[in-house]
Amino acid sequence: MNCSKDKMDDPDTKDPDPIPSALYFPPLTGDVWETISIAELGWKAEAEQPLYTFLEENNTDAFIILKDGRIVLEKYFGTFDASQNHSWNSAAKTLTSLTVGIAQQEGFLDIDKPSSDYMGEGWSSLSPEQETAITVRHHLTMTTGLDYTVANNACTDKECLLYKNEPGSYWYYHQAAYTLLDNIVTGAVNEDFKSYFNAKIKNKIGMQGSWIKTGYLNLYFSNLRSMARFGLLNLNQGRWDETPVLADQAYFTAATTTSQDLNKSYGFLYWLNGKDGFKVPSSEALFTGKLIPAAPNDLFAGLGAFDQKLHIVPSKGLVVVRMGDSANSDELGPTTFDNELWEKINALIN
């Protein structure tokens, strides 16, 4: 099946960037991780301390930059250290995206089939016909048409899941529609989502951490390096060194490029830079311009509340991770901090 249908005629769709040469992958266990210095890369050493000062002033707990898999910078602030776990918040949507792709790759589900095929009929307050019109793809792209104006946007109870728009006709950052993907995967693979994720992604790339139920949401908590490991998996397009974690390149490409025309800066739960417009959580507005003007156009990202950042830049072989509290405002995904951060990174690497 061609997972990237509806994208082939999209002028923003492009072939994936070439996989960087000589990528390094740390061992699955232990603390060994090769480093490379700013001097070796020819970056500007005088920009390192201003970057740290900026991060500290903006409530950062942990920060790392990988270049072709090797650690260039790794910094912890205040009492936070390398052993501590931090919530990814919605940056963890990217974990769910690849888990869905693996389930499809293994033949357990088809993203173009109704989500009721895997959750059973009656998972919402919609009519059977309305439910059947919602596919797994709609959950991945925030286009289910479910009512996002309910009192609690994250509520997955049946009475909170109401009809508002025709599926595929409107984009809105609806937390409940995303969270239901856990139930979709569980129903499809006949195994708890968490254990399936652990076996298919976490254990294969040496991550630690765990999913923790918080209200209606399932949040992922891990240390800084585990988030960087997942970024490196994405930099290598779903392969950990020579081991295919997600072998379906059509799905990976679909996940990390424009998935619909309503918000071109959104893939399958990934945020995308370099497009001519974007929507953001908690808003119906369409903004013009690039999501992160200062960042490379090919950047794709997992972005979570309180400025959890996972930035992947294939053209430069970079993975950038930031964990902490809100820098400026308590927004759910993209914030002005993304652009401010890249202004500091550009001063370092250019």
# chains A, B, ... in the order shown; residues from 1 in each chain; ligands from 1
call {"tool": "residues_around", "arguments": {"residues": "A:Ala327", "least_positions_apart": "3", "cutoff": "10 Å", "atoms": "only C-alpha atoms", "output": "number ranges by chain"}}
result
A: 54-60, 306-308, 324, 330-331, 335-338
call {"tool": "write_last_selection", "arguments": {"atoms": "N, CA, C and O atoms", "output": "PDB file, in the first residue's frame"}}
result
ATOM      1  N   PHE A  54      21.795  31.795  27.266  1.00  0.00           N
ATOM      2  CA  PHE A  54      20.443  31.898  26.744  1.00  0.00           C
ATOM      3  C   PHE A  54      19.571  30.746  27.251  1.00  0.00           C
ATOM      4  O   PHE A  54      18.432  30.960  27.685  1.00  0.00           O
ATOM      5  N   LEU A  55      20.081  29.545  27.205  1.00  0.00           N
ATOM      6  CA  LEU A  55      19.319  28.381  27.664  1.00  0.00           C
ATOM      7  C   LEU A  55      19.004  28.479  29.151  1.00  0.00           C
ATOM      8  O   LEU A  55      17.878  28.214  29.583  1.00  0.00           O
ATOM      9  N   GLU A  56      19.984  28.868  29.939  1.00  0.00           N
ATOM     10  CA  GLU A  56      19.768  28.973  31.385  1.00  0.00           C
ATOM     11  C   GLU A  56      18.756  30.061  31.717  1.00  0.00           C
ATOM     12  O   GLU A  56      17.890  29.876  32.581  1.00  0.00           O
ATOM     13  N   GLU A  57      18.851  31.181  31.029  1.00  0.00           N
ATOM     14  CA  GLU A  57      17.919  32.282  31.272  1.00  0.00           C
ATOM     15  C   GLU A  57      16.487  31.925  30.863  1.00  0.00           C
ATOM     16  O   GLU A  57      15.543  32.578  31.304  1.00  0.00           O
ATOM     17  N   ASN A  58      16.345  30.883  30.052  1.00  0.00           N
ATOM     18  CA  ASN A  58      15.031  30.478  29.561  1.00  0.00           C
ATOM     19  C   ASN A  58      14.578  29.137  30.128  1.00  0.00           C
ATOM     20  O   ASN A  58      13.908  28.351  29.447  1.00  0.00           O
ATOM     21  N   ASN A  59      14.943  28.901  31.381  1.00  0.00           N
ATOM     22  CA  ASN A  59      14.383  27.796  32.174  1.00  0.00           C
ATOM     23  C   ASN A  59      14.677  26.406  31.615  1.00  0.00           C
ATOM     24  O   ASN A  59      13.876  25.482  31.760  1.00  0.00           O
ATOM     25  N   THR A  60      15.837  26.252  30.986  1.00  0.00           N
ATOM     26  CA  THR A  60      16.218  24.959  30.423  1.00  0.00           C
ATOM     27  C   THR A  60      16.777  24.048  31.509  1.00  0.00           C
ATOM     28  O   THR A  60      17.532  24.489  32.375  1.00  0.00           O
ATOM     29  N   PHE A 306       5.443  23.442  27.152  1.00  0.00           N
ATOM     30  CA  PHE A 306       6.510  23.967  28.014  1.00  0.00           C
ATOM     31  C   PHE A 306       7.878  23.832  27.336  1.00  0.00           C
ATOM     32  O   PHE A 306       8.900  23.610  27.984  1.00  0.00           O
ATOM     33  N   ASP A 307       7.863  23.935  25.996  1.00  0.00           N
ATOM     34  CA  ASP A 307       9.090  24.009  25.201  1.00  0.00           C
ATOM     35  C   ASP A 307       9.970  22.769  25.291  1.00  0.00           C
ATOM     36  O   ASP A 307      11.190  22.870  25.425  1.00  0.00           O
ATOM     37  N   GLN A 308       9.355  21.598  25.172  1.00  0.00           N
ATOM     38  CA  GLN A 308      10.130  20.381  24.944  1.00  0.00           C
ATOM     39  C   GLN A 308      10.398  20.321  23.445  1.00  0.00           C
ATOM     40  O   GLN A 308       9.462  20.379  22.636  1.00  0.00           O
ATOM     41  N   GLY A 324      12.880  21.229  29.563  1.00  0.00           N
ATOM     42  CA  GLY A 324      12.831  22.241  30.612  1.00  0.00           C
ATOM     43  C   GLY A 324      11.438  22.749  30.855  1.00  0.00           C
ATOM     44  O   GLY A 324      10.441  22.109  30.506  1.00  0.00           O
ATOM     45  N   ASP A 330       3.246  29.289  28.066  1.00  0.00           N
ATOM     46  CA  ASP A 330       2.875  27.887  28.235  1.00  0.00           C
ATOM     47  C   ASP A 330       2.064  27.381  27.044  1.00  0.00           C
ATOM     48  O   ASP A 330       0.906  26.985  27.174  1.00  0.00           O
ATOM     49  N   GLU A 331       2.681  27.377  25.870  1.00  0.00           N
ATOM     50  CA  GLU A 331       2.009  26.917  24.668  1.00  0.00           C
ATOM     51  C   GLU A 331       2.276  25.429  24.452  1.00  0.00           C
ATOM     52  O   GLU A 331       3.234  24.865  24.975  1.00  0.00           O
ATOM     53  N   THR A 335       6.685  27.445  19.501  1.00  0.00           N
ATOM     54  CA  THR A 335       6.693  28.726  20.213  1.00  0.00           C
ATOM     55  C   THR A 335       7.778  29.622  19.614  1.00  0.00           C
ATOM     56  O   THR A 335       8.599  29.172  18.812  1.00  0.00           O
ATOM     57  N   THR A 336       7.805  30.869  20.033  1.00  0.00           N
ATOM     58  CA  THR A 336       8.852  31.782  19.576  1.00  0.00           C
ATOM     59  C   THR A 336      10.233  31.308  20.023  1.00  0.00           C
ATOM     60  O   THR A 336      11.246  31.679  19.422  1.00  0.00           O
ATOM     61  N   PHE A 337      10.266  30.481  21.066  1.00  0.00           N
ATOM     62  CA  PHE A 337      11.555  29.974  21.563  1.00  0.00           C
ATOM     63  C   PHE A 337      12.267  29.141  20.498  1.00  0.00           C
ATOM     64  O   PHE A 337      13.501  29.132  20.443  1.00  0.00           O
ATOM     65  N   ASP A 338      11.525  28.427  19.648  1.00  0.00           N
ATOM     66  CA  ASP A 338      12.161  27.635  18.589  1.00  0.00           C
ATOM     67  C   ASP A 338      13.054  28.523  17.730  1.00  0.00           C
ATOM     68  O   ASP A 338      14.203  28.178  17.428  1.00  0.00           O
TER      69      ASP A 338
END
call {"tool": "residues_around", "arguments": {"residues": "A:Lys275", "least_positions_apart": "4", "cutoff": "10 Å", "atoms": "only C-alpha atoms", "output": "list of chain:residue names"}}
result
A:Asp12, A:Thr257, A:Thr258, A:Asn263, A:Lys264, A:Ser265, A:Tyr266, A:Thr288, A:Gly289, A:Lys290, A:Leu291, A:Ile292, A:Pro293, A:Asn297, A:Asp298
call {"tool": "residues_around", "arguments": {"residues": "stretch 223-229 of chain A", "least_positions_apart": "2", "cutoff": "9 Å", "atoms": "only C-alpha atoms", "output": "VMD selection string"}}
result
chain A and resid 25 to 26 62 to 66 69 81 to 88 202 205 to 209 221 231 to 234 310 319 to 323
call {"tool": "residues_around", "arguments": {"residues": "stretch 247-251 of chain A", "least_positions_apart": "2", "cutoff": "9 Å", "atoms": "only C-alpha atoms", "output": "list of chain:residue names"}}
result
A:Asn2, A:Cys3, A:Ser4, A:Leu98, A:Gly101, A:Ile102, A:Gln104, A:Gln105, A:Gln237, A:Gly238, A:Arg239, A:Thr243, A:Pro244, A:Val245, A:Thr253, A:Ala254, A:Ala255, A:Thr256
call {"tool": "write_last_selection", "arguments": {"atoms": "N, CA, C and O atoms", "output": "CSV table (one decimal), in the first residue's frame"}}
result
chain,number,residue,atom,x,y,z
A,2,ASN,N,0.5,2.2,-0.7
A,2,ASN,CA,1.2,3.5,-0.8
A,2,ASN,C,0.7,4.4,0.3
A,2,ASN,O,-0.3,5.0,0.2
A,3,CYS,N,1.5,4.6,1.4
A,3,CYS,CA,1.1,5.3,2.6
A,3,CYS,C,1.0,6.8,2.3
A,3,CYS,O,0.4,7.6,3.0
A,4,SER,N,1.7,7.3,1.2
A,4,SER,CA,1.8,8.7,1.0
A,4,SER,C,0.9,9.2,0.0
A,4,SER,O,1.1,10.2,-0.6
A,98,LEU,N,5.7,6.7,14.8
A,98,LEU,CA,6.5,5.6,14.3
A,98,LEU,C,5.9,4.2,14.8
A,98,LEU,O,6.0,3.2,14.1
A,101,GLY,N,3.3,3.3,12.4
A,101,GLY,CA,4.0,2.9,11.2
A,101,GLY,C,4.5,1.4,11.2
A,101,GLY,O,4.4,0.7,10.3
A,102,ILE,N,5.0,1.1,12.4
A,102,ILE,CA,5.5,-0.3,12.6
A,102,ILE,C,4.4,-1.3,12.6
A,102,ILE,O,4.5,-2.4,12.0
A,104,GLN,N,1.6,-1.0,11.0
A,104,GLN,CA,1.1,-1.2,9.6
A,104,GLN,C,2.1,-2.0,8.9
A,104,GLN,O,1.8,-2.9,8.1
A,105,GLN,N,3.4,-1.8,9.1
A,105,GLN,CA,4.5,-2.5,8.4
A,105,GLN,C,4.3,-4.0,8.7
A,105,GLN,O,4.6,-4.9,7.8
A,237,GLN,N,16.3,7.9,9.2
A,237,GLN,CA,15.1,7.5,8.5
A,237,GLN,C,14.5,6.2,9.0
A,237,GLN,O,14.1,5.4,8.2
A,238,GLY,N,14.6,6.0,10.3
A,238,GLY,CA,13.9,4.8,10.9
A,238,GLY,C,14.8,3.6,11.1
A,238,GLY,O,14.3,2.5,11.5
A,239,ARG,N,16.1,3.7,10.8
A,239,ARG,CA,17.0,2.6,11.0
A,239,ARG,C,18.0,3.0,12.2
A,239,ARG,O,18.5,4.1,12.2
A,243,THR,N,20.1,-1.8,11.7
A,243,THR,CA,18.9,-2.5,12.1
A,243,THR,C,17.7,-1.7,11.7
A,243,THR,O,17.5,-0.5,12.2
A,244,PRO,N,16.8,-2.2,10.8
A,244,PRO,CA,15.6,-1.5,10.5
A,244,PRO,C,14.6,-1.5,11.6
A,244,PRO,O,14.1,-2.6,12.0
A,245,VAL,N,14.3,-0.4,12.2
A,245,VAL,CA,13.2,-0.3,13.2
A,245,VAL,C,11.9,0.0,12.5
A,245,VAL,O,10.9,-0.7,12.7
A,253,THR,N,8.5,8.7,5.1
A,253,THR,CA,8.5,9.9,4.3
A,253,THR,C,7.1,10.6,4.4
A,253,THR,O,7.1,11.9,4.6
A,254,ALA,N,6.1,9.9,4.4
A,254,ALA,CA,4.7,10.4,4.6
A,254,ALA,C,4.6,11.1,6.0
A,254,ALA,O,4.0,12.2,6.1
A,255,ALA,N,5.2,10.5,7.0
A,255,ALA,CA,5.2,11.0,8.4
A,255,ALA,C,5.9,12.4,8.5
A,255,ALA,O,5.5,13.2,9.3
A,256,THR,N,7.0,12.5,7.7
A,256,THR,CA,7.8,13.7,7.9
A,256,THR,C,7.8,14.7,6.8
A,256,THR,O,8.7,15.5,6.6
call {"tool": "closest_residue", "arguments": {"among": "A:Lys344, A:Arg70, A:Lys200, A:Lys164", "to": "A:Thr53", "atoms": "only C-alpha atoms"}}
result
A:Lys344
call {"tool": "residues_around", "arguments": {"residues": "stretch 144-149 of chain A", "least_positions_apart": "6", "cutoff": "6 Å", "atoms": "only C-alpha atoms", "output": "list in words"}}
result
Ile134, His138, Leu162, Tyr163, Lys164, Asn165, Glu166, Pro167 and His174 of chain A
call {"tool": "write_last_selection", "arguments": {"atoms": "N, CA, C and O atoms", "output": "compact mmCIF listing (two decimals), in the first residue's frame"}}
result
# COMPACT_ATOMS: atom_id res chain seq x y z
N ILE A 134 -14.06 8.04 9.66
CA ILE A 134 -12.80 8.48 10.28
C ILE A 134 -11.78 7.35 10.17
O ILE A 134 -12.00 6.24 10.69
N HIS A 138 -6.63 10.03 9.61
CA HIS A 138 -7.21 11.27 10.16
C HIS A 138 -6.71 11.53 11.58
O HIS A 138 -6.48 12.69 11.95
N LEU A 162 -17.57 14.09 19.82
CA LEU A 162 -18.75 14.52 19.08
C LEU A 162 -18.38 14.92 17.66
O LEU A 162 -17.23 15.30 17.38
N TYR A 163 -19.36 14.88 16.79
CA TYR A 163 -19.14 15.26 15.39
C TYR A 163 -19.14 16.79 15.25
O TYR A 163 -19.97 17.47 15.82
N LYS A 164 -18.16 17.31 14.48
CA LYS A 164 -18.15 18.74 14.16
C LYS A 164 -17.96 18.97 12.67
O LYS A 164 -18.71 19.74 12.07
N ASN A 165 -16.96 18.35 12.07
CA ASN A 165 -16.66 18.55 10.65
C ASN A 165 -16.50 17.21 9.93
O ASN A 165 -16.21 16.19 10.55
N GLU A 166 -16.65 17.26 8.63
CA GLU A 166 -16.38 16.08 7.82
C GLU A 166 -14.90 15.71 7.96
O GLU A 166 -14.03 16.59 7.88
N PRO A 167 -14.58 14.45 8.20
CA PRO A 167 -13.17 14.06 8.33
C PRO A 167 -12.35 14.49 7.11
O PRO A 167 -12.80 14.37 5.97
N HIS A 174 -6.16 18.42 18.14
CA HIS A 174 -7.13 17.82 19.05
C HIS A 174 -6.45 16.68 19.81
O HIS A 174 -6.18 15.61 19.27
call {"tool": "select_by_dssp", "arguments": {"residues": "stretch 123-341 of chain A", "states": "alpha helix (DSSP H)", "output": "number ranges by chain"}}
result
A: 128-132, 136-141, 175-189, 193-197, 203-205, 224-235, 249-255, 336-341
call {"tool": "select_by_dssp", "arguments": {"residues": "stretch 113-297 of chain A", "states": "strand (DSSP E)", "output": "ChimeraX atom specification"}}
result
/A:210-214,217-222,239-240,243-244,271-272,277-278,287-288
call {"tool": "residues_around", "arguments": {"residues": "A:Ser282", "least_positions_apart": "4", "cutoff": "8 Å", "atoms": "only C-alpha atoms", "output": "PyMOL selection string"}}
result
chain A and resi 172-173+332
call {"tool": "closest_residue", "arguments": {"among": "A:Tyr170, A:Gly277, A:Thr99, A:Tyr270", "to": "A:Ala199", "atoms": "only C-alpha atoms"}}
result
A:Thr99
